[in-house]
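> model21.pdb is reproduced below (PDB, C-alpha atoms).
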```pdb
ATOM      1  CA  MET A 190     -36.681  32.508  -6.126
ATOM      2  CA  VAL A 191     -35.316  31.043  -9.358
ATOM      3  CA  LYS A 192     -31.976  32.741  -8.649
ATOM      4  CA  ASN A 193     -31.728  30.958  -5.259
ATOM      5  CA  GLY A 194     -32.528  27.675  -6.976
ATOM      6  CA  TYR A 195     -29.712  28.189  -9.486
ATOM      7  CA  LEU A 196     -27.262  29.176  -6.748
ATOM      8  CA  THR A 197     -28.202  26.091  -4.723
ATOM      9  CA  LEU A 198     -27.767  23.881  -7.786
ATOM     10  CA  ILE A 199     -24.365  25.409  -8.582
ATOM     11  CA  ALA A 200     -23.201  25.029  -4.966
ATOM     12  CA  PHE A 201     -24.341  21.385  -4.976
ATOM     13  CA  PHE A 202     -22.576  20.696  -8.280
ATOM     14  CA  ILE A 203     -19.290  22.269  -7.111
ATOM     15  CA  SER A 204     -19.344  20.347  -3.830
ATOM     16  CA  PHE A 205     -20.148  17.129  -5.712
ATOM     17  CA  ILE A 206     -17.141  17.599  -8.004
ATOM     18  CA  THR A 207     -14.878  18.446  -5.070
ATOM     19  CA  PHE A 208     -15.887  15.447  -2.964
ATOM     20  CA  SER A 209     -15.980  12.993  -5.870
ATOM     21  CA  GLN A 210     -12.316  13.662  -6.617
ATOM     22  CA  ILE A 211     -10.692  12.614  -3.358
ATOM     23  CA  THR A 212      -7.126  12.747  -4.527
ATOM     24  CA  ARG A 213      -3.698  13.533  -3.160
ATOM     25  CA  PRO A 214      -0.587  15.091  -4.662
ATOM     26  CA  CYS A 215       1.487  12.337  -6.242
ATOM     27  CA  THR A 216       4.478  11.358  -8.326
ATOM     28  CA  ILE A 217       3.999   8.419 -10.682
ATOM     29  CA  TYR A 218       6.888   6.084 -11.556
ATOM     30  CA  LEU A 219       6.307   3.897 -14.603
ATOM     31  CA  LYS A 220       8.098   0.604 -15.295
ATOM     32  CA  SER A 221       9.433   2.209 -18.492
ATOM     33  CA  GLY A 222      11.438   4.640 -16.328
ATOM     34  CA  GLU A 223       9.219   7.630 -17.087
ATOM     35  CA  VAL A 224       8.258   9.849 -14.138
ATOM     36  CA  ILE A 225       5.063  11.915 -14.043
ATOM     37  CA  SER A 226       5.119  14.552 -11.308
ATOM     38  CA  GLY A 227       3.013  17.472 -10.161
ATOM     39  CA  MET A 228      -0.219  15.503 -10.365
ATOM     40  CA  ARG A 229      -3.085  14.599  -8.083
ATOM     41  CA  GLY A 230      -4.317  11.052  -8.145
ATOM     42  CA  THR A 231      -6.343   8.193  -6.768
ATOM     43  CA  TYR A 232      -6.296   4.480  -7.441
ATOM     44  CA  GLY A 233      -8.524   1.526  -7.985
ATOM     45  CA  THR A 234      -7.802  -2.147  -8.488
ATOM     46  CA  GLU A 235      -7.204  -1.897 -12.231
ATOM     47  CA  ASP A 236      -5.952   1.616 -12.908
ATOM     48  CA  PHE A 237      -4.478   4.735 -11.381
ATOM     49  CA  LYS A 238      -6.341   7.942 -12.171
ATOM     50  CA  TYR A 239      -4.539  11.273 -12.189
ATOM     51  CA  TYR A 240      -4.988  14.853 -13.291
ATOM     52  CA  LYS A 241      -3.073  18.127 -13.149
ATOM     53  CA  LYS A 242      -5.676  20.422 -11.541
ATOM     54  CA  VAL A 243      -9.254  20.257 -10.302
ATOM     55  CA  GLY A 244     -11.661  20.332 -13.199
ATOM     56  CA  ASP A 245      -9.344  18.503 -15.599
ATOM     57  CA  ARG A 246     -10.383  15.115 -16.904
ATOM     58  CA  PHE A 247      -8.749  12.094 -15.321
ATOM     59  CA  ASN A 248      -6.024  10.289 -17.196
ATOM     60  CA  LYS A 249      -5.803   6.566 -16.500
ATOM     61  CA  ILE A 250      -2.778   4.293 -16.317
ATOM     62  CA  ASP A 251      -3.158   0.521 -16.128
ATOM     63  CA  VAL A 252      -1.630  -0.691 -12.828
ATOM     64  CA  GLN A 253       0.471  -3.221 -14.751
ATOM     65  CA  LEU A 254       2.458  -0.323 -16.245
ATOM     66  CA  LEU A 255       3.238   1.235 -12.845
ATOM     67  CA  ASN A 256       6.324   0.642 -10.753
ATOM     68  CA  SER A 257       5.230   2.834  -7.841
ATOM     69  CA  VAL A 258       3.353   5.970  -6.865
ATOM     70  CA  THR A 259       4.256   8.278  -4.004
ATOM     71  CA  LEU A 260       1.325  10.089  -2.413
ATOM     72  CA  VAL A 261       1.703  13.073  -0.117
ATOM     73  CA  GLU A 262      -0.768  12.870   2.768
ATOM     74  CA  GLU A 263      -2.388  15.940   4.330
ATOM     75  CA  SER A 264      -0.043  15.535   7.305
ATOM     76  CA  GLY A 265       2.961  15.752   4.972
ATOM     77  CA  THR A 266       3.903  12.071   5.267
ATOM     78  CA  ILE A 267       4.700  10.238   2.074
ATOM     79  CA  THR A 268       3.060   6.922   1.250
ATOM     80  CA  THR A 269       4.624   4.716  -1.404
ATOM     81  CA  LEU A 270       2.220   2.467  -3.259
ATOM     82  CA  ARG A 271       3.422  -0.538  -5.227
ATOM     83  CA  PHE A 272       1.450  -2.576  -7.742
ATOM     84  CA  LEU A 273       2.630  -6.151  -7.326
ATOM     85  CA  PRO A 274       1.502  -9.700  -8.048
ATOM     86  CA  VAL A 275       0.798 -12.080  -5.151
ATOM     87  CA  LEU A 276       1.453 -15.826  -5.078
ATOM     88  CA  GLY A 277      -1.730 -17.708  -5.869
ATOM     89  CA  GLU A 278      -3.666 -14.667  -7.092
ATOM     90  CA  LYS A 279      -4.313 -13.526 -10.642
ATOM     91  CA  LYS A 280      -4.820  -9.798 -10.042
ATOM     92  CA  ILE A 281      -2.095  -7.328  -9.187
ATOM     93  CA  GLN A 282      -2.571  -5.916  -5.691
ATOM     94  CA  VAL A 283      -2.169  -2.282  -4.676
ATOM     95  CA  VAL A 284      -0.055  -2.342  -1.522
ATOM     96  CA  GLU A 285       1.657   0.228   0.658
ATOM     97  CA  GLN A 286       5.401  -0.271   0.994
ATOM     98  CA  LEU A 287       6.285  -0.313   4.692
ATOM     99  CA  LEU A 288       9.880  -1.610   4.828
ATOM    100  CA  THR A 289      12.605  -2.384   2.322
ATOM    101  CA  GLY A 290      15.836  -4.311   2.676
ATOM    102  CA  LYS A 291      16.605  -7.997   2.240
ATOM    103  CA  LEU A 292      13.008  -8.526   3.378
ATOM    104  CA  GLU A 293      10.283  -6.198   2.174
ATOM    105  CA  LEU A 294       7.035  -5.674   4.079
ATOM    106  CA  TYR A 295       3.831  -4.374   2.517
ATOM    107  CA  GLN A 296       0.316  -3.756   3.742
ATOM    108  CA  GLN A 297      -3.037  -3.406   2.085
ATOM    109  CA  ILE A 298      -5.822  -1.681   3.986
ATOM    110  CA  ILE A 299      -9.148  -3.402   3.406
ATOM    111  CA  ASN A 300     -12.224  -1.284   4.054
ATOM    112  CA  GLY A 301     -15.340  -3.318   4.650
ATOM    113  CA  TYR A 302     -18.729  -2.700   6.129
ATOM    114  CA  ASN A 303     -18.125  -1.056   9.539
ATOM    115  CA  ILE A 304     -14.599  -2.457   9.725
ATOM    116  CA  SER A 305     -11.214  -1.895   8.177
ATOM    117  CA  TYR A 306      -8.134  -4.017   8.635
ATOM    118  CA  SER A 307      -4.690  -4.526   7.160
ATOM    119  CA  GLU A 308      -3.418  -7.510   5.251
ATOM    120  CA  TYR A 309       0.341  -7.950   5.313
ATOM    121  CA  TYR A 310       2.561  -9.217   2.510
ATOM    122  CA  ILE A 311       6.230 -10.125   2.512
ATOM    123  CA  ARG A 312       8.882 -10.947  -0.061
ATOM    124  CA  LYS A 313      12.620 -11.299  -0.270
ATOM    125  CA  LYS A 314      14.415  -8.680  -2.317
ATOM    126  CA  GLY A 315      14.499  -9.791  -5.937
ATOM    127  CA  GLN A 316      11.417 -12.024  -5.776
ATOM    128  CA  ASP A 317       8.712 -11.204  -8.291
ATOM    129  CA  LYS A 318       5.673 -12.057  -6.190
ATOM    130  CA  LEU A 319       4.519 -11.190  -2.704
ATOM    131  CA  THR A 320       3.513 -13.807  -0.153
ATOM    132  CA  LEU A 321       0.420 -13.141   1.934
ATOM    133  CA  LEU A 322       1.190 -13.307   5.649
ATOM    134  CA  GLY A 323      -2.375 -12.620   6.701
ATOM    135  CA  HIS A 324      -4.407  -9.856   8.172
ATOM    136  CA  HIS A 325      -3.865  -7.983  11.411
ATOM    137  CA  ASN A 326      -4.881 -11.048  13.445
ATOM    138  CA  PHE A 327      -2.098 -13.643  13.126
ATOM    139  CA  ARG A 328      -3.659 -16.149  15.516
ATOM    140  CA  ASN A 329      -3.909 -18.662  12.699
ATOM    141  CA  LYS A 330      -1.026 -21.062  13.380
ATOM    142  CA  LYS A 331      -0.462 -21.523   9.647
ATOM    143  CA  LYS A 332       0.837 -17.944   9.339
ATOM    144  CA  LYS A 333       3.760 -18.350  11.733
ATOM    145  CA  PRO A 334       5.532 -20.913   9.500
ATOM    146  CA  ILE A 335       5.149 -18.568   6.524
ATOM    147  CA  LEU A 336       7.010 -15.808   8.373
ATOM    148  CA  TYR A 337       9.560 -18.274   9.761
ATOM    149  CA  SER A 338      10.388 -19.486   6.234
ATOM    150  CA  PHE A 339      11.542 -15.926   5.467
ATOM    151  CA  ILE A 340      13.552 -15.431   8.674
ATOM    152  CA  ASN A 341      14.836 -19.000   9.223
ATOM    153  CA  ASP A 342      18.460 -17.812   8.906
ATOM    154  CA  CYS A 343      17.962 -15.610  11.976
ATOM    155  CA  PRO A 344      17.291 -17.907  14.962
ATOM    156  CA  GLU A 345      17.646 -15.026  17.442
ATOM    157  CA  ILE A 346      14.470 -13.393  16.142
ATOM    158  CA  ILE A 347      12.577 -16.687  16.081
ATOM    159  CA  ASP A 348      13.628 -17.286  19.700
ATOM    160  CA  LYS A 349      12.345 -13.816  20.679
ATOM    161  CA  ILE A 350       8.995 -14.547  19.014
ATOM    162  CA  GLU A 351       8.704 -17.967  20.668
ATOM    163  CA  SER A 352       9.623 -16.557  24.093
ATOM    164  CA  GLY A 353       7.035 -13.783  23.767
ATOM    165  CA  ASN A 354       9.498 -10.880  23.613
ATOM    166  CA  LEU A 355       8.294 -10.086  20.083
ATOM    167  CA  HIS A 356       4.635 -10.382  19.176
ATOM    168  CA  LEU A 357       3.692 -11.368  15.627
ATOM    169  CA  ILE A 358       0.791  -8.926  15.396
ATOM    170  CA  ASN A 359       2.079  -5.856  17.186
ATOM    171  CA  ASP A 360       5.775  -6.173  16.360
ATOM    172  CA  LEU A 361       5.747  -7.234  12.704
ATOM    173  CA  ASN A 362       7.494  -4.025  11.592
ATOM    174  CA  ILE A 363      10.098  -4.472  14.344
ATOM    175  CA  ILE A 364      10.644  -8.131  13.387
ATOM    176  CA  ILE A 365      11.286  -7.314   9.717
ATOM    177  CA  ALA A 366      13.371  -4.204  10.480
ATOM    178  CA  THR A 367      15.487  -6.141  13.011
ATOM    179  CA  TYR A 368      15.975  -8.931  10.497
ATOM    180  CA  ASN A 369      17.130  -6.455   7.843
ATOM    181  CA  ILE A 370      19.608  -4.826  10.236
ATOM    182  CA  THR A 371      21.025  -7.968  11.884
ATOM    183  CA  CYS A 372      20.619 -10.973   9.619
ATOM    184  CA  GLY A 373      19.795  -9.378   6.295
ATOM    185  CA  LEU A 374      23.077  -7.603   5.723
ATOM    186  CA  PRO A 375      25.373  -9.048   3.028
TER     187      PRO A 375
END
```
Please re-express this file's structure in structure tokens.


Amino acid sequence: MVKNGYLTLIAFFISFITFSQITRPCTIYLKSGEVISGMRGTYGTEDFKYYKKVGDRFNKIDVQLLNSVTLVEESGTITTLRFLPVLGEKKIQVVEQLLTGKLELYQQIINGYNISYSEYYIRKKGQDKLTLLGHHNFRNKKKKPILYSFINDCPEIIDKIESGNLHLINDLNIIIATYNITCGLP
């Protein structure tokens, strides 16, 4: 009877450790130029935690020291996380890099109670801070001028948005990618 109790306790403890360390294989790129590879990691708002193998203690890196982190998803896709400041906010935000070019597009997935949504950020190449475009619902008329200020040198795209051929919510990736290919080339 005592033996079964110990086995149950050990099984519970092992499963607790396994599930408490929800991590993914990653490569860490520091602003100093150093690269840390062959790790598993997870992130919070103030630090990135990583370790070499299950059972090791986490090492922590302050997000202000990070340039980027690439995470390998279970499906094999690679997600690039950036740790960037946002206009009007004091804290650095952890964002997923979606597109690069003359315009860069980022998203942050917000998980709330019974709902999750994406907030989108944009910046021109070389700018230090991101600009918040808004969350997945761009119905707020104040958000359209923010996007237009970034693509104002490309009237063809603005015309397609105004005519309804491109939709701000569903086609944001297409809008930024088209801009980078057509109007964003040097």

> Please expand the PyMOL selection byres ((chain A and resi 372) around 12) into the concrete residues it hits in this file, giving the result as a short mmCIF file (atom, residue, chain, number, x, y, z; two decimals) with C-alpha atoms, in the frame of the given file.


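Just written: part08.cif:
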```cif
data_model
loop_
_atom_site.label_atom_id
_atom_site.label_comp_id
_atom_site.auth_asym_id
_atom_site.auth_seq_id
_atom_site.Cartn_x
_atom_site.Cartn_y
_atom_site.Cartn_z
CA GLY A 290 15.84 -4.31 2.68
CA LYS A 291 16.60 -8.00 2.24
CA LEU A 292 13.01 -8.53 3.38
CA PHE A 339 11.54 -15.93 5.47
CA ILE A 340 13.55 -15.43 8.67
CA ASN A 341 14.84 -19.00 9.22
CA ASP A 342 18.46 -17.81 8.91
CA CYS A 343 17.96 -15.61 11.98
CA PRO A 344 17.29 -17.91 14.96
CA GLU A 345 17.65 -15.03 17.44
CA ILE A 346 14.47 -13.39 16.14
CA ILE A 347 12.58 -16.69 16.08
CA ILE A 364 10.64 -8.13 13.39
CA ILE A 365 11.29 -7.31 9.72
CA ALA A 366 13.37 -4.20 10.48
CA THR A 367 15.49 -6.14 13.01
CA TYR A 368 15.98 -8.93 10.50
CA ASN A 369 17.13 -6.46 7.84
CA ILE A 370 19.61 -4.83 10.24
CA THR A 371 21.02 -7.97 11.88
CA GLY A 373 19.80 -9.38 6.30
CA LEU A 374 23.08 -7.60 5.72
CA PRO A 375 25.37 -9.05 3.03
#
```

> Translate the PyMOL selection byres ((chain A and resi 257-270) around 6), as applied to the file shown, into an explicit residue set as a tab-separated table (two decimals) with C-alpha atoms, keeping the file's coordinate frame.


```
chain	number	residue	atom	x	y	z
A	214	PRO	CA	-0.59	15.09	-4.66
A	215	CYS	CA	1.49	12.34	-6.24
A	216	THR	CA	4.48	11.36	-8.33
A	217	ILE	CA	4.00	8.42	-10.68
A	218	TYR	CA	6.89	6.08	-11.56
A	255	LEU	CA	3.24	1.24	-12.84
A	256	ASN	CA	6.32	0.64	-10.75
A	271	ARG	CA	3.42	-0.54	-5.23
A	284	VAL	CA	-0.06	-2.34	-1.52
A	285	GLU	CA	1.66	0.23	0.66
A	286	GLN	CA	5.40	-0.27	0.99
```

> In Å, with one decimal, what is the gap from CA of Gly233 in chain A to CA of Leu288 in chain A?

22.6 Å

> Residues near range 307-315 of chain A, anyone? I mean within 9 Å using all atoms listed in the file, not counting same-chain ones fewer than 3 positions away, as a list in words.

Val275, Val284, Thr289, Gly290, Lys291, Leu292, Glu293, Leu294, Tyr295, Gln296, Gln297, Ile298, Ile299, Asn300, Lys318, Leu319, Thr320, Leu321, Leu322, Gly323, His324, His325, Leu336 and Phe339 of chain A

> For the atom pair CA of Arg246 in chain A and CA of Ile281 in chain A, what is the interatomic distance in Å to one decimal place?

25.1 Å

> Which residue gives the smallest distance to Ile363 in chain A among A:Lys332, A:Ser338, A:Arg229, A:Leu287, with all atoms listed in the file counted?

A:Leu287

> Between A:Val243, A:Leu355, A:Gln253, A:Thr212, which is the closest to Gln282 in chain A once you count all atoms listed in the file?

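Looking at the shortest contact to Gln282 in chain A, the residue is A:Gln253.
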
> Would you mind reading off the distance between CA of Ile335 in chain A and CA of Gly277 in chain A, one decimal, in Å?

14.2 Å

> Which residues, named as in the file, does the PyMOL selection byres ((chain A and resi 239) around 6) pick out? Answer as number ranges by chain.

A: 229-230, 238, 240, 247-248

> Keeping C-alpha atoms for every residue in the selection just given, could you write it to a file as a PDB file, in the coordinates of the input?


```
ATOM      1  CA  ARG A 229      -3.085  14.599  -8.083  1.00  0.00           C
ATOM      2  CA  GLY A 230      -4.317  11.052  -8.145  1.00  0.00           C
ATOM      3  CA  LYS A 238      -6.341   7.942 -12.171  1.00  0.00           C
ATOM      4  CA  TYR A 240      -4.988  14.853 -13.291  1.00  0.00           C
ATOM      5  CA  PHE A 247      -8.749  12.094 -15.321  1.00  0.00           C
ATOM      6  CA  ASN A 248      -6.024  10.289 -17.196  1.00  0.00           C
TER       7      ASN A 248
END
```

> Can you tell me, as lines of an AutoDock Vina configuration file, the centre and edge lengths (Å, one decimal) of the axis-aligned box enclosing all of range 346-350 of chain A's listed atoms after padding each side by 5 Å?


```
center_x = 11.7
center_y = -15.3
center_z = 18.4
size_x = 15.5
size_y = 13.9
size_z = 14.6
```

> Just checking: using all atoms listed in the file, which residue out of A:Val283, A:Leu273, A:Leu357, A:Leu254 ends up closest to Tyr232 in chain A?

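Residue with the minimum atom-to-atom distance to Tyr232 in chain A: A:Val283.
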